[in-house]
file run.cif (mmCIF, C-alpha atoms)
data_upload
loop_
_atom_site.label_atom_id
_atom_site.label_comp_id
_atom_site.auth_asym_id
_atom_site.auth_seq_id
_atom_site.Cartn_x
_atom_site.Cartn_y
_atom_site.Cartn_z
CA MET A 15 32.03 22.44 0.26
CA ALA A 16 29.62 24.37 2.48
CA LEU A 17 30.97 27.43 4.25
CA ILE A 18 31.68 27.05 7.97
CA PRO A 19 29.22 29.15 10.03
CA THR A 20 31.09 31.38 12.47
CA THR A 21 29.88 33.29 15.52
CA ILE A 22 31.73 36.23 17.07
CA LEU A 23 31.18 36.33 20.84
CA THR A 24 31.91 39.69 22.40
CA GLY A 25 31.09 41.61 25.54
CA PHE A 26 32.78 43.87 28.06
CA LEU A 27 35.21 42.62 30.71
CA GLY A 28 33.47 40.38 33.20
CA ALA A 29 30.22 40.09 31.26
CA GLY A 30 30.28 36.29 31.22
CA LYS A 31 31.70 35.37 27.81
CA THR A 32 34.15 32.84 29.25
CA THR A 33 31.44 31.22 31.38
CA LEU A 34 29.35 30.72 28.26
CA LEU A 35 32.35 29.41 26.32
CA ASN A 36 33.27 26.96 29.06
CA ARG A 37 29.81 25.52 28.85
CA ILE A 38 30.08 25.17 25.08
CA LEU A 39 33.45 23.48 25.40
CA GLN A 40 32.49 21.07 28.15
CA GLU A 41 28.83 20.25 27.64
CA ASP A 42 27.86 17.02 25.89
CA HIS A 43 25.86 18.69 23.12
CA GLY A 44 27.07 16.52 20.25
CA MET A 45 28.23 19.48 18.16
CA ARG A 46 31.72 19.75 16.71
CA ILE A 47 32.64 23.34 17.49
CA ALA A 48 36.00 25.07 17.15
CA VAL A 49 36.36 27.83 19.73
CA ILE A 50 38.95 30.47 18.91
CA GLU A 51 40.14 32.74 21.67
CA ASN A 52 41.33 35.87 19.92
CA GLU A 53 43.25 37.22 22.89
CA PHE A 54 46.03 39.66 23.50
CA GLY A 55 46.69 39.01 27.16
CA GLN A 56 43.71 40.67 28.86
CA GLU A 57 41.83 37.48 29.61
CA ASN A 58 42.07 33.76 28.97
CA ILE A 59 39.81 30.76 28.97
CA ASP A 60 40.11 28.94 32.30
CA ASN A 61 43.36 27.09 32.91
CA GLU A 62 41.37 23.86 33.17
CA ILE A 63 40.56 24.21 29.49
CA LEU A 64 43.63 25.82 27.98
CA VAL A 65 47.02 24.46 28.98
CA GLN A 66 48.80 27.77 29.30
CA ASP A 67 52.33 26.35 29.40
CA SER A 68 51.82 24.09 26.42
CA ASN A 69 53.26 24.88 23.01
CA GLU A 70 50.13 23.49 21.43
CA HIS A 71 47.83 26.07 19.92
CA ILE A 72 44.94 23.66 19.48
CA ILE A 73 43.40 21.60 22.28
CA GLU A 74 40.83 18.92 21.40
CA MET A 75 38.02 18.41 23.92
CA ASN A 76 36.41 15.10 24.76
CA ASN A 77 33.00 16.28 23.52
CA GLY A 78 34.21 16.90 19.98
CA CYS A 79 35.01 20.58 20.47
CA ILE A 80 38.34 22.18 19.70
CA CYS A 81 39.88 25.10 21.57
CA CYS A 82 42.38 27.28 19.73
CA THR A 83 44.28 30.28 21.07
CA VAL A 84 45.13 32.92 18.47
CA ARG A 85 47.57 35.48 19.85
CA GLY A 86 48.38 37.01 16.52
CA ASP A 87 46.64 37.49 13.20
CA LEU A 88 43.10 36.08 13.22
CA ILE A 89 43.31 35.49 9.47
CA VAL A 90 46.28 33.18 10.01
CA GLY A 91 44.46 31.29 12.74
CA LEU A 92 41.28 30.81 10.71
CA THR A 93 43.24 29.77 7.63
CA GLU A 94 45.26 27.23 9.62
CA LEU A 95 42.12 25.69 11.11
CA ALA A 96 40.54 25.42 7.65
CA ARG A 97 43.70 23.82 6.23
CA LYS A 98 43.76 21.17 8.95
CA ARG A 99 40.05 20.53 8.48
CA ASP A 100 40.45 20.10 4.73
CA ALA A 101 43.36 17.72 5.34
CA GLY A 102 41.29 15.59 7.70
CA LEU A 103 43.44 16.47 10.71
CA LEU A 104 40.63 18.25 12.55
CA ALA A 105 36.86 17.77 12.50
CA PHE A 106 34.52 20.66 13.29
CA ASP A 107 31.28 22.01 11.84
CA ARG A 108 31.23 25.58 13.15
CA VAL A 109 33.43 28.19 14.82
CA VAL A 110 32.95 30.50 17.80
CA ILE A 111 35.43 33.38 18.19
CA GLU A 112 35.74 35.05 21.59
CA THR A 113 37.09 38.59 21.50
CA THR A 114 38.78 40.28 24.43
CA GLY A 115 36.61 42.34 26.75
CA LEU A 116 37.99 45.63 25.45
CA ALA A 117 37.84 44.69 21.77
CA ASN A 118 36.08 46.53 18.98
CA PRO A 119 34.19 43.77 17.09
CA GLY A 120 34.39 45.67 13.81
CA PRO A 121 37.83 44.55 12.62
CA VAL A 122 37.04 40.96 13.62
CA ALA A 123 33.88 41.03 11.52
CA GLN A 124 35.67 42.64 8.60
CA THR A 125 38.14 39.74 8.54
CA PHE A 126 35.47 37.62 6.86
CA PHE A 127 35.03 40.01 3.95
CA VAL A 128 38.46 41.43 3.23
CA ASP A 129 40.45 38.18 3.05
CA GLU A 130 39.69 35.91 0.10
CA GLU A 131 41.01 32.77 1.80
CA VAL A 132 38.87 33.30 4.91
CA GLY A 133 35.86 34.18 2.77
CA SER A 134 36.21 30.96 0.79
CA HIS A 135 35.92 28.82 3.94
CA TYR A 136 33.84 30.74 6.48
CA MET A 137 30.47 32.48 6.71
CA LEU A 138 29.86 35.02 9.49
CA ASP A 139 26.64 33.87 11.16
CA ALA A 140 26.24 36.52 13.85
CA ILE A 141 27.86 38.81 16.38
CA ILE A 142 26.64 37.92 19.88
CA THR A 143 27.26 40.42 22.68
CA VAL A 144 27.02 39.43 26.36
CA VAL A 145 25.91 42.37 28.52
CA ASP A 146 26.48 42.48 32.29
CA ALA A 147 23.15 43.65 33.70
CA ARG A 148 24.73 44.73 36.98
CA HIS A 149 27.50 46.92 35.54
CA ALA A 150 26.42 47.74 31.99
CA MET A 151 24.91 51.17 32.64
CA LYS A 152 28.20 52.52 34.02
CA GLN A 153 30.26 50.68 31.41
CA LEU A 154 28.16 52.24 28.65
CA ASP A 155 28.66 55.65 30.29
CA ASP A 156 32.43 55.26 30.62
CA TYR A 157 33.61 53.15 27.68
CA GLU A 158 32.97 53.62 23.99
CA GLU A 159 34.07 49.99 23.51
CA ALA A 160 31.03 48.85 25.48
CA GLN A 161 28.77 50.95 23.25
CA ARG A 162 30.42 49.58 20.12
CA GLN A 163 29.97 46.00 21.28
CA VAL A 164 26.24 46.65 21.71
CA GLY A 165 26.00 48.53 18.42
CA PHE A 166 27.60 45.73 16.41
CA ALA A 167 25.48 42.99 17.94
CA ASP A 168 23.07 40.82 15.99
CA LYS A 169 21.86 39.47 19.35
CA LEU A 170 22.29 40.63 22.95
CA LEU A 171 22.52 38.21 25.90
CA LEU A 172 21.84 39.76 29.32
CA SER A 173 23.84 38.15 32.14
CA LYS A 174 23.62 38.64 35.93
CA THR A 175 19.98 39.74 35.80
CA ASP A 176 19.49 37.95 39.14
CA LEU A 177 21.71 40.58 40.77
CA VAL A 178 19.54 43.58 39.84
CA SER A 179 15.88 44.53 40.07
CA GLU A 180 13.33 44.10 37.30
CA ASP A 181 13.17 47.88 37.00
CA ASP A 182 16.94 48.02 36.46
CA VAL A 183 16.68 45.35 33.76
CA ALA A 184 13.86 47.29 32.07
CA THR A 185 15.88 50.53 32.17
CA LEU A 186 18.95 48.83 30.71
CA THR A 187 16.85 47.13 28.04
CA ARG A 188 15.41 50.47 26.93
CA ARG A 189 18.90 51.90 26.65
CA LEU A 190 20.20 48.91 24.68
CA LYS A 191 17.29 49.23 22.27
CA ARG A 192 18.07 52.90 21.77
CA ILE A 193 21.65 52.02 20.85
CA ASN A 194 20.73 48.99 18.72
CA PRO A 195 17.02 48.51 17.96
CA ARG A 196 17.56 45.57 15.61
CA ALA A 197 19.22 43.12 18.01
CA PRO A 198 16.91 40.74 19.94
CA ILE A 199 17.62 40.54 23.68
CA ALA A 200 17.62 37.32 25.73
CA LYS A 201 18.61 36.54 29.32
CA VAL A 202 21.31 34.01 30.23
CA ASP A 203 21.87 32.42 33.63
CA PHE A 204 25.48 31.51 34.48
CA GLY A 205 26.17 30.76 30.83
CA ARG A 206 23.22 28.40 30.55
CA ALA A 207 21.86 29.80 27.31
CA PRO A 208 20.31 27.37 24.83
CA LEU A 209 22.80 26.97 22.01
CA ALA A 210 19.98 27.95 19.66
CA GLU A 211 20.30 31.43 21.19
CA VAL A 212 23.94 31.57 20.11
CA LEU A 213 24.44 29.42 17.00
CA ASP A 214 22.79 29.38 13.58
CA ILE A 215 20.73 32.52 14.11
CA ARG A 216 21.69 33.92 10.69
CA GLY A 217 21.88 37.42 12.02
CA PHE A 218 24.62 38.51 9.67
CA ASN A 219 24.70 36.64 6.38
CA LEU A 220 22.41 37.53 3.53
CA ASN A 221 20.12 34.95 2.02
CA GLU A 222 16.64 34.75 0.57
CA LYS A 223 15.08 34.03 3.95
CA LEU A 224 16.76 36.90 5.73
CA GLU A 225 14.43 39.59 7.01
CA LEU A 226 14.83 42.34 9.52
CA ASP A 227 13.91 41.42 13.07
CA PRO A 228 10.11 41.82 13.12
CA ASP A 229 9.97 44.26 16.02
CA PHE A 230 13.15 46.24 15.54
CA LEU A 231 11.19 49.16 14.12
CA ALA A 232 8.42 49.01 16.71
CA THR A 233 9.52 52.15 18.51
CA GLU A 234 10.87 54.10 15.58
CA THR A 235 9.15 56.84 13.62
CA ALA A 236 11.89 57.68 11.12
CA HIS A 237 12.32 56.15 7.66
CA VAL A 238 13.97 52.90 6.39
CA HIS A 239 14.92 51.44 2.98
CA ASP A 240 15.52 48.17 1.15
CA HIS A 241 17.97 48.01 -1.73
CA ASP A 242 17.03 45.79 -4.76
CA ASN A 243 19.50 46.57 -7.52
CA ALA A 244 18.98 44.69 -10.75
CA HIS A 245 22.73 44.32 -11.18
CA ASP A 246 23.24 43.04 -7.62
CA LYS A 247 23.65 39.31 -7.66
CA ALA A 248 23.22 37.10 -4.64
CA HIS A 249 26.45 37.07 -2.68
CA ASP A 250 27.61 34.07 -0.70
CA HIS A 251 28.47 36.52 2.05
CA ALA A 252 26.65 39.39 3.62
CA HIS A 253 29.47 41.73 2.76
CA LYS A 254 31.97 41.97 -0.02
CA HIS A 255 34.70 44.55 -0.09
CA ALA A 256 34.13 44.92 -3.84
CA ASP A 257 31.21 44.05 -6.07
CA GLU A 258 31.36 42.47 -9.50
CA HIS A 259 31.81 45.86 -11.10
CA GLY A 260 34.85 46.65 -9.02
CA HIS A 261 33.05 49.19 -6.85
CA GLU A 262 34.36 49.02 -3.35
CA HIS A 263 31.58 49.58 -0.82
CA LYS A 264 32.62 50.68 2.62
CA HIS A 265 30.11 51.36 5.35
CA GLU A 266 29.92 51.76 9.07
CA HIS A 267 27.00 52.07 11.39
CA SER A 268 25.82 55.46 12.27
CA ASP A 269 24.24 56.52 15.44
CA ALA A 270 21.91 59.31 16.32
CA CYS A 271 21.45 60.90 19.70
CA ALA A 272 20.06 58.40 22.14
CA THR A 273 16.93 60.51 22.52
CA ASP A 274 16.11 60.36 18.80
CA CYS A 275 14.05 57.22 19.32
CA GLY A 276 10.44 57.84 20.13
CA HIS A 277 10.55 55.46 23.11
CA ALA A 278 13.40 57.27 24.85
CA ASP A 279 12.84 57.43 28.58
CA HIS A 280 12.96 61.06 29.63
CA HIS A 281 13.94 60.03 33.16
CA HIS A 282 17.18 58.61 31.78
CA ALA A 283 17.95 61.27 29.20
CA GLN A 284 21.32 61.89 30.85
CA HIS A 285 22.58 58.72 29.15
CA SER A 286 23.25 60.35 25.79
CA ASP A 287 25.32 57.59 24.24
CA ASP A 288 27.62 58.52 21.38
CA ILE A 289 26.55 55.33 19.63
CA ALA A 290 22.86 54.99 18.82
CA ALA A 291 20.51 54.14 15.99
CA PHE A 292 18.01 55.72 13.65
CA VAL A 293 15.68 54.34 11.03
CA PHE A 294 14.50 55.31 7.56
CA LYS A 295 11.24 54.06 6.03
CA SER A 296 9.42 54.80 2.81
CA THR A 297 6.75 53.21 0.63
CA GLN A 298 8.20 54.87 -2.48
CA PRO A 299 10.70 52.82 -4.53
CA PHE A 300 14.34 53.77 -4.82
CA ASP A 301 16.08 54.85 -8.00
CA SER A 302 18.92 52.34 -8.20
CA ALA A 303 21.55 54.63 -9.70
CA LYS A 304 20.83 57.50 -7.29
CA LEU A 305 20.90 55.20 -4.27
CA ASP A 306 24.19 53.61 -5.30
CA GLU A 307 25.79 57.02 -5.73
CA PHE A 308 24.48 58.33 -2.42
CA LEU A 309 25.46 55.27 -0.39
CA GLY A 310 28.92 55.35 -1.95
CA GLY A 311 29.33 58.95 -0.85
CA LEU A 312 28.10 58.21 2.66
CA VAL A 313 30.65 55.46 3.04
CA GLN A 314 33.52 57.64 1.89
CA VAL A 315 32.65 60.40 4.34
CA TYR A 316 31.14 58.62 7.34
CA GLY A 317 32.32 55.02 6.92
CA PRO A 318 34.62 54.93 9.95
CA ARG A 319 31.73 56.02 12.18
CA MET A 320 29.14 53.60 10.77
CA LEU A 321 29.10 50.50 12.94
CA ARG A 322 26.31 48.46 11.43
CA TYR A 323 23.47 49.07 9.01
CA LYS A 324 20.87 46.83 7.54
CA GLY A 325 17.74 47.08 5.48
CA VAL A 326 15.20 45.73 3.04
CA LEU A 327 14.77 47.86 -0.07
CA LEU A 328 12.02 48.45 -2.58
CA MET A 329 13.64 49.19 -5.93
CA GLN A 330 11.92 50.63 -8.97
CA GLY A 331 10.72 47.91 -11.33
CA ALA A 332 11.92 45.04 -9.12
CA GLU A 333 9.66 42.18 -8.12
CA ARG A 334 12.07 40.94 -5.43
CA LYS A 335 13.19 42.55 -2.24
CA VAL A 336 16.80 43.60 -1.93
CA VAL A 337 18.45 42.99 1.44
CA PHE A 338 21.52 45.05 2.24
CA GLN A 339 23.77 45.44 5.24
CA GLY A 340 27.23 46.59 6.13
CA VAL A 341 29.95 46.99 8.71
CA HIS A 342 32.00 50.15 8.72
CA GLN A 343 33.07 50.65 5.11
CA LEU A 344 32.01 47.22 3.90
CA MET A 345 28.58 46.81 2.33
CA GLY A 346 26.89 43.90 0.61
CA SER A 347 23.48 43.30 -0.89
CA ASP A 348 21.50 40.26 -1.91
CA LEU A 349 18.25 39.52 -3.68
CA GLY A 350 15.58 38.50 -1.21
CA ALA A 351 12.16 36.92 -1.54
CA LYS A 352 9.54 38.14 -3.99
CA TRP A 353 7.12 40.73 -2.73
CA GLY A 354 3.91 39.10 -1.57
CA GLU A 355 0.77 39.69 -3.60
CA ASN A 356 -0.94 41.44 -0.69
CA GLU A 357 2.20 42.67 1.02
CA VAL A 358 2.67 46.38 1.59
CA ARG A 359 5.81 47.25 -0.33
CA GLY A 360 8.32 49.60 1.17
CA SER A 361 11.89 50.14 2.26
CA LYS A 362 13.18 49.84 5.82
CA MET A 363 16.73 50.69 6.88
CA VAL A 364 18.44 51.02 10.24
CA PHE A 365 21.78 52.73 10.80
CA ILE A 366 23.85 52.30 13.96
CA GLY A 367 26.93 54.40 14.47
CA LYS A 368 28.80 57.11 16.28
CA ASN A 369 27.42 60.64 16.09
CA LEU A 370 26.06 60.21 12.58
CA PRO A 371 24.25 63.19 11.04
CA LYS A 372 20.75 61.71 10.93
CA ASP A 373 19.27 64.61 8.93
CA ILE A 374 21.87 64.26 6.17
CA PHE A 375 21.20 60.53 5.88
CA ILE A 376 17.41 60.93 5.86
CA ARG A 377 17.31 63.84 3.41
CA GLY A 378 19.79 62.14 1.12
CA LEU A 379 17.84 58.88 1.05
CA GLU A 380 14.64 60.80 0.32
CA GLN A 381 16.38 62.34 -2.71
CA CYS A 382 17.06 58.82 -4.00
CA LEU A 383 13.38 57.90 -4.15
CA VAL A 384 11.60 57.76 -7.50
#
call {"tool": "encode", "arguments": {"input": "run.cif", "output": "structure tokens"}}
result
Amino acid sequence: MALIPTTILTGFLGAGKTTLLNRILQEDHGMRIAVIENEFGQENIDNEILVQDSNEHIIEMNNGCICCTVRGDLIVGLTELARKRDAGLLAFDRVVIETTGLANPGPVAQTFFVDEEVGSHYMLDAIITVVDARHAMKQLDDYEEAQRQVGFADKLLLSKTDLVSEDDVATLTRRLKRINPRAPIAKVDFGRAPLAEVLDIRGFNLNEKLELDPDFLATETAHVHDHDNAHDKAHDHAHKHADEHGHEHKHEHSDACATDCGHADHHHAQHSDDIAAFVFKSTQPFDSAKLDEFLGGLVQVYGPRMLRYKGVLLMQGAERKVVFQGVHQLMGSDLGAKWGENEVRGSKMVFIGKNLPKDIFIRGLEQCLV
């Protein structure tokens, strides 16, 4: 049976996640979506949707959607939904998980790769972060959670852009790209985002068609890599907590100073976010054994500070690209498409994390080249 594509919807308090979810739950879109509210009391879906006094944990909507409140272990909630689906008690084709406004998306994402039962039913499609255009600059200044939510994102949705000037939107966009250069940015108006902007964007899972966002390196001058190990077999999931050889890969995104990026706006240099990104690129192939050893060491030392990382790798003697990515201390790789006959071969990697030592990463990766 095909894995159930799952979207994690995150964003700081008041960004507009619930507005977007309400639309998904109420609109006649013909999709069978299970919405899980992974809440711990900070915020709830509107009372009109969730019956707060009811003992029911699952509410079926008239448009085919399901709303489920998970106040405890997300693994238990996901497993229960899958069990009812397999038994024919519930019908849904995809899942959207809303995190609380102060949540770190990392542990939610890791759920899909550390639990065998969850991994056998679900595929993490993407992490979508809603960003409040009116309040985001201060939130990013004051709260590391807001930075983490941006850093983990596979896609960013800007809300409330009608409440600020175009210059303010441009300034915020530059800052978001410094923190996370690989996540496309789209505007949403009162939750009216096309569902194609939220669902089935394949921002997270690895497959042959997966490539890095075409313009995520446009403003970078550092180096990036693509990992194509001969012994790496295609994984069903983007991340596994252990590969077939029993090696446990653990990674987290690293971040450089916000001014590392070549497009940094000097007028806004005071926003030196702890979480930011840097890139590594090279046209030389990697030595597989050296790269495995180096990445393993990075994860052991810096894993907790590595939020997200992703890349396409050129490996020595390989005719196919290797796509790799990770969250915190979890890393996975997959064989990608064959290199094109006239395609310039090279590796591209982006690391997003908290105060990562960019020089150590870059120099170490250079030592892994053939």
call {"tool": "resolve_selection", "arguments": {"input": "run.cif", "expression": "the PyMOL selection byres ((chain A and resi 167) around 8)", "output": "number ranges by chain"}}
result
A: 140-143, 163-166, 168-170, 194, 197
call {"tool": "atom_distance", "arguments": {"input": "run.cif", "atom1": "CA of His135 in chain A", "atom2": "CA of Gly346 in chain A"}}
result
17.9 Å
call {"tool": "resolve_selection", "arguments": {"input": "run.cif", "expression": "the PyMOL selection byres ((chain A and resi 15-26) around 7)", "output": "short mmCIF file (atom, residue, chain, number, x, y, z; two decimals) with C-alpha atoms, keeping the file's coordinate frame"}}
result
data_model
loop_
_atom_site.label_atom_id
_atom_site.label_comp_id
_atom_site.auth_asym_id
_atom_site.auth_seq_id
_atom_site.Cartn_x
_atom_site.Cartn_y
_atom_site.Cartn_z
CA LEU A 27 35.21 42.62 30.71
CA GLY A 28 33.47 40.38 33.20
CA ALA A 29 30.22 40.09 31.26
CA LYS A 31 31.70 35.37 27.81
CA ASP A 107 31.28 22.01 11.84
CA ARG A 108 31.23 25.58 13.15
CA VAL A 109 33.43 28.19 14.82
CA VAL A 110 32.95 30.50 17.80
CA ILE A 111 35.43 33.38 18.19
CA GLU A 112 35.74 35.05 21.59
CA THR A 113 37.09 38.59 21.50
CA GLY A 115 36.61 42.34 26.75
CA LEU A 116 37.99 45.63 25.45
CA HIS A 135 35.92 28.82 3.94
CA TYR A 136 33.84 30.74 6.48
CA MET A 137 30.47 32.48 6.71
CA LEU A 138 29.86 35.02 9.49
CA ASP A 139 26.64 33.87 11.16
CA ALA A 140 26.24 36.52 13.85
CA ILE A 141 27.86 38.81 16.38
CA ILE A 142 26.64 37.92 19.88
CA THR A 143 27.26 40.42 22.68
CA VAL A 144 27.02 39.43 26.36
CA VAL A 145 25.91 42.37 28.52
CA ALA A 160 31.03 48.85 25.48
CA GLN A 163 29.97 46.00 21.28
CA LEU A 213 24.44 29.42 17.00
#
call {"tool": "closest_residue", "arguments": {"input": "run.cif", "among": "A:Lys362, A:Arg97, A:Lys174, A:Arg189", "to": "Lys201 in chain A", "atoms": "all atoms listed in the file"}}
result
A:Lys174
call {"tool": "atom_distance", "arguments": {"input": "run.cif", "atom1": "CA of His43 in chain A", "atom2": "CA of Ala123 in chain A"}}
result
26.4 Å
call {"tool": "resolve_selection", "arguments": {"input": "run.cif", "expression": "the PyMOL selection byres ((chain A and resi 126) around 9)", "output": "MDAnalysis selection string"}}
result
chainID A and resid 89 122:125 127:133 136:138 251 253:254
call {"tool": "residues_around", "arguments": {"input": "run.cif", "residues": "Leu321 in chain A", "least_positions_apart": "3", "cutoff": "12 Å", "atoms": "all atoms listed in the file", "output": "VMD selection string"}}
result
chain A and resid 118 to 121 123 to 124 159 161 to 168 193 to 194 264 to 270 288 to 291 313 316 to 318 324 339 to 345 364 to 370
call {"tool": "atom_distance", "arguments": {"input": "run.cif", "atom1": "CA of Met363 in chain A", "atom2": "CA of Phe294 in chain A"}}
result
5.2 Å
call {"tool": "axis_aligned_box", "arguments": {"input": "run.cif", "around": "range 94-108 of chain A", "padding_each_side": "4 Å", "output": "lines of an AutoDock Vina configuration file"}}
result
center_x = 38.2
center_y = 21.4
center_z = 9.0
size_x = 22.0
size_y = 19.6
size_z = 16.6
call {"tool": "closest_residue", "arguments": {"input": "run.cif", "among": "A:Gly325, A:Gly378, A:Phe338, A:Asp287", "to": "Gly311 in chain A", "atoms": "all atoms listed in the file"}}
result
A:Gly378
call {"tool": "closest_residue", "arguments": {"input": "run.cif", "among": "A:Leu305, A:Leu35, A:Val178, A:Ala48", "to": "Phe204 in chain A", "atoms": "only C-alpha atoms"}}
result
A:Leu35
call {"tool": "residues_near_point", "arguments": {"input": "run.cif", "point": "(38.0, 31.3, 21.0)", "cutoff": "7 Å", "atoms": "all atoms listed in the file", "output": "list of chain:residue names"}}
result
A:Val49, A:Ile50, A:Glu51, A:Asn52, A:Cys81, A:Cys82, A:Thr83, A:Val110, A:Ile111, A:Glu112
call {"tool": "build_atoms", "arguments": {"input": "run.cif", "residues": "range 365-379 of chain A", "atoms": "N, CA and C atoms", "output": "PDB file, in the coordinates of the input"}}
result
ATOM      1  N   PHE A 365      20.368  52.372  10.752  1.00  0.00           N
ATOM      2  CA  PHE A 365      21.780  52.730  10.800  1.00  0.00           C
ATOM      3  C   PHE A 365      22.201  52.851  12.257  1.00  0.00           C
ATOM      4  N   ILE A 366      23.317  52.225  12.604  1.00  0.00           N
ATOM      5  CA  ILE A 366      23.850  52.300  13.960  1.00  0.00           C
ATOM      6  C   ILE A 366      25.283  52.813  13.852  1.00  0.00           C
ATOM      7  N   GLY A 367      25.593  53.857  14.582  1.00  0.00           N
ATOM      8  CA  GLY A 367      26.930  54.400  14.470  1.00  0.00           C
ATOM      9  C   GLY A 367      27.227  55.455  15.500  1.00  0.00           C
ATOM     10  N   LYS A 368      28.338  56.113  15.323  1.00  0.00           N
ATOM     11  CA  LYS A 368      28.800  57.110  16.280  1.00  0.00           C
ATOM     12  C   LYS A 368      28.579  58.521  15.745  1.00  0.00           C
ATOM     13  N   ASN A 369      27.680  59.240  16.422  1.00  0.00           N
ATOM     14  CA  ASN A 369      27.420  60.640  16.090  1.00  0.00           C
ATOM     15  C   ASN A 369      27.203  60.861  14.596  1.00  0.00           C
ATOM     16  N   LEU A 370      26.349  60.040  13.998  1.00  0.00           N
ATOM     17  CA  LEU A 370      26.060  60.210  12.580  1.00  0.00           C
ATOM     18  C   LEU A 370      25.045  61.334  12.381  1.00  0.00           C
ATOM     19  N   PRO A 371      25.190  62.096  11.314  1.00  0.00           N
ATOM     20  CA  PRO A 371      24.250  63.190  11.040  1.00  0.00           C
ATOM     21  C   PRO A 371      22.937  62.633  10.465  1.00  0.00           C
ATOM     22  N   LYS A 372      22.009  62.348  11.331  1.00  0.00           N
ATOM     23  CA  LYS A 372      20.750  61.710  10.930  1.00  0.00           C
ATOM     24  C   LYS A 372      20.059  62.484   9.798  1.00  0.00           C
ATOM     25  N   ASP A 373      19.987  63.804   9.921  1.00  0.00           N
ATOM     26  CA  ASP A 373      19.270  64.610   8.930  1.00  0.00           C
ATOM     27  C   ASP A 373      19.878  64.455   7.534  1.00  0.00           C
ATOM     28  N   ILE A 374      21.205  64.413   7.464  1.00  0.00           N
ATOM     29  CA  ILE A 374      21.870  64.260   6.170  1.00  0.00           C
ATOM     30  C   ILE A 374      21.519  62.908   5.554  1.00  0.00           C
ATOM     31  N   PHE A 375      21.539  61.867   6.371  1.00  0.00           N
ATOM     32  CA  PHE A 375      21.200  60.530   5.880  1.00  0.00           C
ATOM     33  C   PHE A 375      19.747  60.501   5.386  1.00  0.00           C
ATOM     34  N   ILE A 376      18.828  61.007   6.202  1.00  0.00           N
ATOM     35  CA  ILE A 376      17.410  60.930   5.860  1.00  0.00           C
ATOM     36  C   ILE A 376      17.108  61.757   4.612  1.00  0.00           C
ATOM     37  N   ARG A 377      17.589  62.980   4.577  1.00  0.00           N
ATOM     38  CA  ARG A 377      17.310  63.840   3.410  1.00  0.00           C
ATOM     39  C   ARG A 377      17.931  63.260   2.157  1.00  0.00           C
ATOM     40  N   GLY A 378      19.133  62.725   2.278  1.00  0.00           N
ATOM     41  CA  GLY A 378      19.790  62.140   1.120  1.00  0.00           C
ATOM     42  C   GLY A 378      19.053  60.924   0.580  1.00  0.00           C
ATOM     43  N   LEU A 379      18.593  60.068   1.484  1.00  0.00           N
ATOM     44  CA  LEU A 379      17.840  58.880   1.050  1.00  0.00           C
ATOM     45  C   LEU A 379      16.526  59.297   0.403  1.00  0.00           C
TER      46      LEU A 379
END
